[in-house]
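Shown next: input_30.cif, given as mmCIF, C-alpha atoms.
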data_upload
#
loop_
_atom_site.label_atom_id
_atom_site.label_comp_id
_atom_site.auth_asym_id
_atom_site.auth_seq_id
_atom_site.Cartn_x
_atom_site.Cartn_y
_atom_site.Cartn_z
CA MET A 1 73.31 164.69 259.99
CA LEU A 2 75.01 162.48 262.60
CA ARG A 3 73.53 159.27 263.94
CA ILE A 4 75.39 157.23 266.55
CA GLU A 5 73.80 153.86 267.19
CA ASN A 6 74.81 151.61 270.10
CA LEU A 7 78.45 152.71 269.97
CA THR A 8 80.72 150.56 272.13
CA LYS A 9 84.49 150.95 272.43
CA THR A 10 86.66 148.96 274.82
CA TYR A 11 90.28 149.17 275.90
CA GLY A 12 91.08 145.73 277.24
CA ALA A 13 88.47 144.99 279.90
CA GLN A 14 87.50 148.66 280.21
CA LYS A 15 84.46 149.99 278.33
CA ALA A 16 85.33 153.55 277.38
CA VAL A 17 81.99 153.98 275.59
CA ASP A 18 79.09 151.68 276.43
CA ASP A 19 76.11 151.33 274.04
CA LEU A 20 75.86 155.04 273.24
CA SER A 21 73.17 156.31 270.87
CA LEU A 22 72.69 159.94 269.79
CA HIS A 23 71.05 161.70 266.85
CA ILE A 24 72.20 165.18 265.80
CA ARG A 25 70.08 166.90 263.17
CA PRO A 26 70.93 169.66 260.69
CA GLY A 27 70.82 173.07 262.33
CA GLU A 28 71.66 171.79 265.83
CA ILE A 29 74.47 172.77 268.14
CA TYR A 30 74.82 169.69 270.33
CA GLY A 31 76.90 169.81 273.52
CA PHE A 32 78.60 166.75 275.01
CA ILE A 33 79.58 166.95 278.67
CA GLY A 34 81.04 164.64 281.28
CA HIS A 35 83.93 164.37 283.71
CA ASN A 36 87.48 163.58 282.58
CA GLY A 37 87.63 159.97 281.39
CA ALA A 38 83.87 159.74 280.81
CA GLY A 39 84.31 158.74 277.16
CA LYS A 40 83.81 162.04 275.35
CA THR A 41 87.06 162.11 273.38
CA THR A 42 86.78 158.42 272.52
CA THR A 43 83.31 159.06 271.13
CA LEU A 44 84.43 162.06 269.07
CA LYS A 45 87.45 160.21 267.66
CA SER A 46 85.19 157.30 266.72
CA VAL A 47 82.79 159.66 264.93
CA VAL A 48 85.55 161.14 262.76
CA GLY A 49 87.13 157.78 261.93
CA ILE A 50 90.32 158.07 264.00
CA LEU A 51 89.39 155.18 266.30
CA ASN A 52 87.88 151.85 265.34
CA PHE A 53 85.06 150.71 267.60
CA ASP A 54 83.85 147.30 268.72
CA LYS A 55 80.09 147.53 268.24
CA GLY A 56 77.47 149.81 266.81
CA GLU A 57 77.37 152.15 263.82
CA ILE A 58 78.04 155.79 263.07
CA TYR A 59 76.32 157.47 260.12
CA ILE A 60 77.18 160.89 258.73
CA ASN A 61 74.52 162.21 256.38
CA GLY A 62 73.36 158.60 255.92
CA SER A 63 76.80 157.13 255.14
CA SER A 64 78.63 154.76 257.46
CA ILE A 65 82.01 155.89 258.77
CA LYS A 66 83.02 152.22 258.70
CA THR A 67 82.17 151.42 255.09
CA ASN A 68 82.40 154.89 253.48
CA PRO A 69 85.09 156.72 255.48
CA VAL A 70 86.32 158.97 252.66
CA GLU A 71 82.81 160.08 251.72
CA CYS A 72 82.07 160.84 255.39
CA LYS A 73 85.32 162.73 255.92
CA ARG A 74 84.56 165.04 253.00
CA LEU A 75 81.54 166.27 254.97
CA ILE A 76 83.17 166.80 258.35
CA ALA A 77 85.89 168.75 260.12
CA TYR A 78 87.49 167.84 263.44
CA ILE A 79 89.23 170.04 265.98
CA PRO A 80 90.91 167.98 268.72
CA ASP A 81 91.45 169.25 272.24
CA ASN A 82 95.13 169.90 271.51
CA PRO A 83 95.52 170.56 267.78
CA ASP A 84 98.72 169.10 266.35
CA LEU A 85 99.66 171.36 263.47
CA TYR A 86 102.72 171.24 261.22
CA ASP A 87 105.04 173.58 263.11
CA PHE A 88 107.51 173.84 260.22
CA MET A 89 104.83 175.46 258.02
CA SER A 90 103.69 179.05 258.14
CA GLY A 91 100.05 179.67 258.97
CA ILE A 92 99.13 180.51 255.38
CA LYS A 93 100.94 177.44 253.98
CA TYR A 94 99.04 175.25 256.42
CA LEU A 95 95.68 176.71 255.41
CA ASN A 96 96.50 176.28 251.73
CA PHE A 97 97.60 172.70 252.44
CA ILE A 98 94.23 171.91 254.04
CA ALA A 99 92.41 173.67 251.19
CA ASP A 100 94.37 171.56 248.68
CA ILE A 101 93.36 168.35 250.44
CA TYR A 102 89.68 169.24 250.15
CA GLY A 103 89.91 170.69 246.64
CA VAL A 104 88.89 174.21 247.63
CA SER A 105 89.25 176.61 244.71
CA PRO A 106 91.79 179.49 244.90
CA ASP A 107 89.07 182.16 244.96
CA GLU A 108 87.03 180.42 247.65
CA ARG A 109 90.00 179.73 249.90
CA GLN A 110 91.27 183.31 249.62
CA GLU A 111 87.85 184.64 250.56
CA LYS A 112 87.51 182.35 253.57
CA ILE A 113 91.07 182.83 254.79
CA ARG A 114 90.64 186.59 254.60
CA LYS A 115 87.25 186.47 256.34
CA TYR A 116 88.18 184.21 259.23
CA ALA A 117 91.78 185.38 259.75
CA ASP A 118 90.51 188.96 260.00
CA ALA A 119 87.77 187.88 262.42
CA PHE A 120 90.35 186.18 264.67
CA GLU A 121 92.90 189.00 264.20
CA LEU A 122 95.40 186.47 262.85
CA THR A 123 96.02 187.92 259.38
CA LYS A 124 99.31 189.61 260.23
CA ASP A 125 100.65 186.37 261.73
CA LEU A 126 99.88 184.02 258.84
CA ALA A 127 103.33 184.48 257.29
CA GLN A 128 105.01 183.39 260.53
CA PRO A 129 105.96 179.75 261.27
CA ILE A 130 103.41 177.89 263.36
CA SER A 131 106.22 177.00 265.76
CA SER A 132 106.19 180.66 266.87
CA TYR A 133 102.44 180.64 267.64
CA SER A 134 100.98 180.64 271.12
CA HIS A 135 98.44 177.97 272.07
CA GLY A 136 95.59 180.40 271.45
CA MET A 137 96.92 181.29 268.00
CA LYS A 138 97.22 177.61 267.10
CA GLN A 139 93.65 177.08 268.23
CA LYS A 140 92.48 179.94 266.01
CA LEU A 141 94.37 178.49 263.04
CA ALA A 142 92.82 175.07 263.68
CA VAL A 143 89.34 176.62 263.70
CA ILE A 144 89.97 178.46 260.41
CA SER A 145 91.29 175.25 258.80
CA ALA A 146 88.17 173.38 259.94
CA TRP A 147 85.85 175.89 258.30
CA ILE A 148 87.80 176.28 255.07
CA HIS A 149 86.06 173.53 253.06
CA SER A 150 82.50 174.35 254.18
CA PRO A 151 81.91 171.13 256.13
CA ARG A 152 78.37 170.04 256.93
CA LEU A 153 79.31 168.68 260.37
CA ILE A 154 82.00 170.01 262.69
CA ILE A 155 83.25 167.92 265.61
CA MET A 156 85.17 169.80 268.32
CA ASP A 157 86.81 168.64 271.54
CA GLU A 158 87.00 171.48 274.09
CA PRO A 159 87.19 174.15 271.37
CA PHE A 160 87.13 177.17 273.70
CA VAL A 161 90.23 176.20 275.70
CA GLY A 162 92.98 178.71 274.99
CA LEU A 163 90.75 181.24 273.24
CA ASP A 164 90.49 184.77 274.59
CA PRO A 165 86.95 186.15 275.13
CA LYS A 166 86.82 187.93 271.77
CA ALA A 167 87.99 184.83 269.87
CA ALA A 168 85.49 182.68 271.80
CA PHE A 169 82.71 185.07 270.77
CA THR A 170 83.86 184.88 267.13
CA LEU A 171 83.80 181.07 267.26
CA LYS A 172 80.27 181.09 268.68
CA GLU A 173 79.14 183.34 265.83
CA MET A 174 80.73 180.97 263.31
CA MET A 175 78.96 178.02 264.91
CA HIS A 176 75.60 179.76 264.68
CA GLU A 177 76.23 180.77 261.07
CA LEU A 178 77.09 177.20 260.04
CA CYS A 179 73.98 175.80 261.71
CA ASP A 180 71.76 178.54 260.29
CA ASN A 181 72.91 177.31 256.86
CA GLY A 182 71.91 173.71 257.58
CA GLY A 183 75.11 172.37 259.13
CA ALA A 184 75.52 170.84 262.58
CA ILE A 185 77.97 171.06 265.48
CA PHE A 186 78.85 168.34 267.99
CA PHE A 187 81.32 169.46 270.64
CA SER A 188 82.53 168.55 274.10
CA THR A 189 83.11 171.13 276.80
CA HIS A 190 83.74 171.50 280.51
CA VAL A 191 82.50 175.09 280.41
CA LEU A 192 78.90 174.49 281.42
CA GLU A 193 77.92 178.16 281.18
CA VAL A 194 78.92 178.14 277.51
CA ALA A 195 76.97 174.95 276.85
CA GLU A 196 73.91 176.31 278.63
CA LYS A 197 73.80 179.49 276.53
CA LEU A 198 74.97 178.06 273.20
CA CYS A 199 73.52 174.57 272.75
CA ASP A 200 70.19 173.50 271.32
CA LYS A 201 70.63 170.05 272.83
CA ILE A 202 72.93 168.43 275.35
CA ALA A 203 74.09 164.94 276.24
CA ILE A 204 75.68 163.96 279.57
CA ILE A 205 77.92 160.91 279.65
CA LYS A 206 79.25 159.10 282.73
CA GLN A 207 81.64 156.14 282.70
CA GLY A 208 80.95 155.63 279.02
CA ARG A 209 77.16 155.54 279.33
CA LEU A 210 74.67 158.18 278.28
CA ILE A 211 72.78 159.24 281.41
CA LYS A 212 70.72 162.16 280.09
CA SER A 213 70.08 163.90 276.76
CA GLY A 214 67.60 166.19 275.07
CA THR A 215 66.90 169.87 274.63
CA MET A 216 68.39 172.20 277.19
CA GLU A 217 64.95 172.64 278.77
CA GLU A 218 64.41 168.87 278.96
CA VAL A 219 67.79 168.24 280.55
CA ARG A 220 67.91 171.00 283.14
CA GLY A 221 64.24 171.60 283.98
CA ASP A 222 64.05 174.40 286.55
CA GLU A 223 67.70 174.02 287.57
CA SER A 224 70.95 175.26 286.07
CA LEU A 225 72.95 172.89 283.89
CA GLU A 226 75.69 172.93 286.52
CA GLU A 227 73.26 171.78 289.23
CA VAL A 228 71.89 168.99 287.03
CA PHE A 229 75.38 167.84 286.07
CA LEU A 230 76.61 167.74 289.66
CA GLU A 231 73.50 165.87 290.81
CA LEU A 232 73.89 163.24 288.08
CA GLU A 233 77.60 162.90 288.80
CA ALA A 234 76.85 162.28 292.48
CA GLU A 235 74.33 159.50 291.83
#
Entire entry expressed as structure tokens:
Amino acid sequence: MLRIENLTKTYGAQKAVDDLSLHIRPGEIYGFIGHNGAGKTTTLKSVVGILNFDKGEIYINGSSIKTNPVECKRLIAYIPDNPDLYDFMSGIKYLNFIADIYGVSPDERQEKIRKYADAFELTKDLAQPISSYSHGMKQKLAVISAWIHSPRLIIMDEPFVGLDPKAAFTLKEMMHELCDNGGAIFFSTHVLEVAEKLCDKIAIIKQGRLIKSGTMEEVRGDESLEEVFLELEAE
């Protein structure tokens, strides 16, 4: 579903991502962890075509994000760590705007908006301007908009920040449902307990370089993910 090969991205003399390779298969929830400034967000923005990169290749379902960006973007959705939404729109206008971009039919969009807005208890707020939303409400709206066109791959940067426990549980259920239907999730998080319970595989990045990856059992062994992460960070 997602293949990152020898990704390298520099800012001046600084290598933000250094020769990173990862392979995320259909059905996998893949966690991406590292300290602030490790290169997680740069990697995610490169995957979704926001950032150009200096070396390497990124393939989404076999297509290159460099040479076939539109084809790739039809298959993905991206939720940044601080979603910038159109504050002058109401929630429902924003969701319809996203649905229009992806060519989602009226019947399908209505069904999905109803399903996910009810799940996040946001239905009664959809008529209100986004400018009146709290951070958590904006995060919920961003999640709904990401799911509205049935993407095959969802990229998320710290998706649980700002969500209350019930909303976080709903998002986890949505992630499992998408992967059970053959999709894939690649997301960064600082909440190691969430990653430990939720992810099929994990990758740990430090100073732009991949230092450990694999199934949760392969990465943590007999230790907790927190213990492994702290040990690798200290080395």
Discussion item. Running the PyMOL selection byres ((chain A and resi 175) around 12) on this model by hand, what would come out? Give it as number ranges by chain.
Written reply: A: 27-30, 143-144, 146-147, 150-156, 159, 168-174, 176-187, 198-200
Worksheet item: In Å to one decimal, how far is CA of Ser188 (chain A) from CA of Leu225 (chain A)?
Response: 14.4 Å
Worksheet item: Pick the closest to Glu218 (chain A) from A:Leu51, A:Ala203, A:Ile92, A:Ala127: which is it, counting all atoms listed in the file?
Response: A:Ala203
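Each of A:Met89, A:Ile24, A:Leu126, A:Ala99 was checked against Ser145 (chain A) using all atoms listed in the file; the smallest atom-to-atom distance is that of A:Ala99.
With all atoms listed in the file as the basis for measurement, A:His149 is the residue among A:Pro165, A:Tyr11, A:His149, A:Ile113 that approaches Arg74 (chain A) most closely.
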Run the PyMOL selection byres ((chain A and resi 59) around 9) on the file and write out the hits as a PDB file with C-alpha atoms, in the frame of the given file.
ATOM      1  CA  MET A   1      73.310 164.690 259.990  1.00  0.00           C
ATOM      2  CA  LEU A   2      75.010 162.480 262.600  1.00  0.00           C
ATOM      3  CA  ARG A   3      73.530 159.270 263.940  1.00  0.00           C
ATOM      4  CA  ILE A   4      75.390 157.230 266.550  1.00  0.00           C
ATOM      5  CA  GLU A   5      73.800 153.860 267.190  1.00  0.00           C
ATOM      6  CA  VAL A  47      82.790 159.660 264.930  1.00  0.00           C
ATOM      7  CA  GLU A  57      77.370 152.150 263.820  1.00  0.00           C
ATOM      8  CA  ILE A  58      78.040 155.790 263.070  1.00  0.00           C
ATOM      9  CA  ILE A  60      77.180 160.890 258.730  1.00  0.00           C
ATOM     10  CA  ASN A  61      74.520 162.210 256.380  1.00  0.00           C
ATOM     11  CA  GLY A  62      73.360 158.600 255.920  1.00  0.00           C
ATOM     12  CA  SER A  63      76.800 157.130 255.140  1.00  0.00           C
ATOM     13  CA  SER A  64      78.630 154.760 257.460  1.00  0.00           C
ATOM     14  CA  ILE A  65      82.010 155.890 258.770  1.00  0.00           C
ATOM     15  CA  LYS A  66      83.020 152.220 258.700  1.00  0.00           C
ATOM     16  CA  CYS A  72      82.070 160.840 255.390  1.00  0.00           C
TER      17      CYS A  72
END
Which residues are near Arg114 (chain A)? Cut-off 12 Å, only C-alpha atoms, ignore same chain within fewer than 3 positions. Put them as a compact mmCIF listing (two decimals) with C-alpha atoms, in the frame of the given file.
# COMPACT_ATOMS: atom_id res chain seq x y z
CA ILE A 92 99.13 180.51 255.38
CA LEU A 95 95.68 176.71 255.41
CA ASP A 107 89.07 182.16 244.96
CA GLU A 108 87.03 180.42 247.65
CA ARG A 109 90.00 179.73 249.90
CA GLN A 110 91.27 183.31 249.62
CA GLU A 111 87.85 184.64 250.56
CA ALA A 117 91.78 185.38 259.75
CA ASP A 118 90.51 188.96 260.00
CA ALA A 119 87.77 187.88 262.42
CA PHE A 120 90.35 186.18 264.67
CA GLU A 121 92.90 189.00 264.20
CA LEU A 122 95.40 186.47 262.85
CA THR A 123 96.02 187.92 259.38
CA LYS A 124 99.31 189.61 260.23
CA LEU A 126 99.88 184.02 258.84
CA ILE A 144 89.97 178.46 260.41
CA ILE A 148 87.80 176.28 255.07
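One finds CA of Asp87 (chain A) at 4.6 Å from CA of Ile130 (chain A).
Computed from the coordinates, the CA of Ile202 (chain A) to CA of Ala142 (chain A) distance equals 24.0 Å.
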Item to complete: Could you please give me, as a count of residues only, the residues of protein, DNA or RNA lying at most 6 Å from (96.0, 174.9, 264.3) in the coordinate frame of the file, considering all atoms listed in the file?
Response: 6
Worksheet, complete the sentence: Nearest to Gly208 (chain A), restricted to all atoms listed in the file and choosing among A:Leu7, A:Val17, A:Ala167, A:Val161, comes out as A:Val17
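Each of A:Thr189, A:Leu22, A:Pro106, A:Asn82 was compared to Lys140 (chain A) using all atoms listed in the file, and A:Asn82 turns out to be the nearest.
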Fill in: For Glu196 (chain A): contacts at 10 Å, only C-alpha atoms, fewer than 6 positions along chain excluded, given as a VMD selection string
chain A and resid 31 202 216 to 217 220 224 to 226
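Residue neighbourhood of Leu210 (chain A), excluding near-sequence residues (fewer than 5 positions): Leu20, Ser21, Ala203, Ile204 and Ile205 of chain A, at 8 Å, using all atoms listed in the file.
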Worksheet item: Using only C-alpha atoms, which residue out of A:Gly221, A:Gly162, A:Gly56, A:Gly34 lies closest to His190 (chain A)?
Response: A:Gly34
Fill in: Near-Lys40 (chain A) list (9 Å; all atoms listed in the file; drop same-chain fewer than 2 positions) as a PyMOL selection string
chain A and resi 16-17+32-38+42-45+157+188+205+208
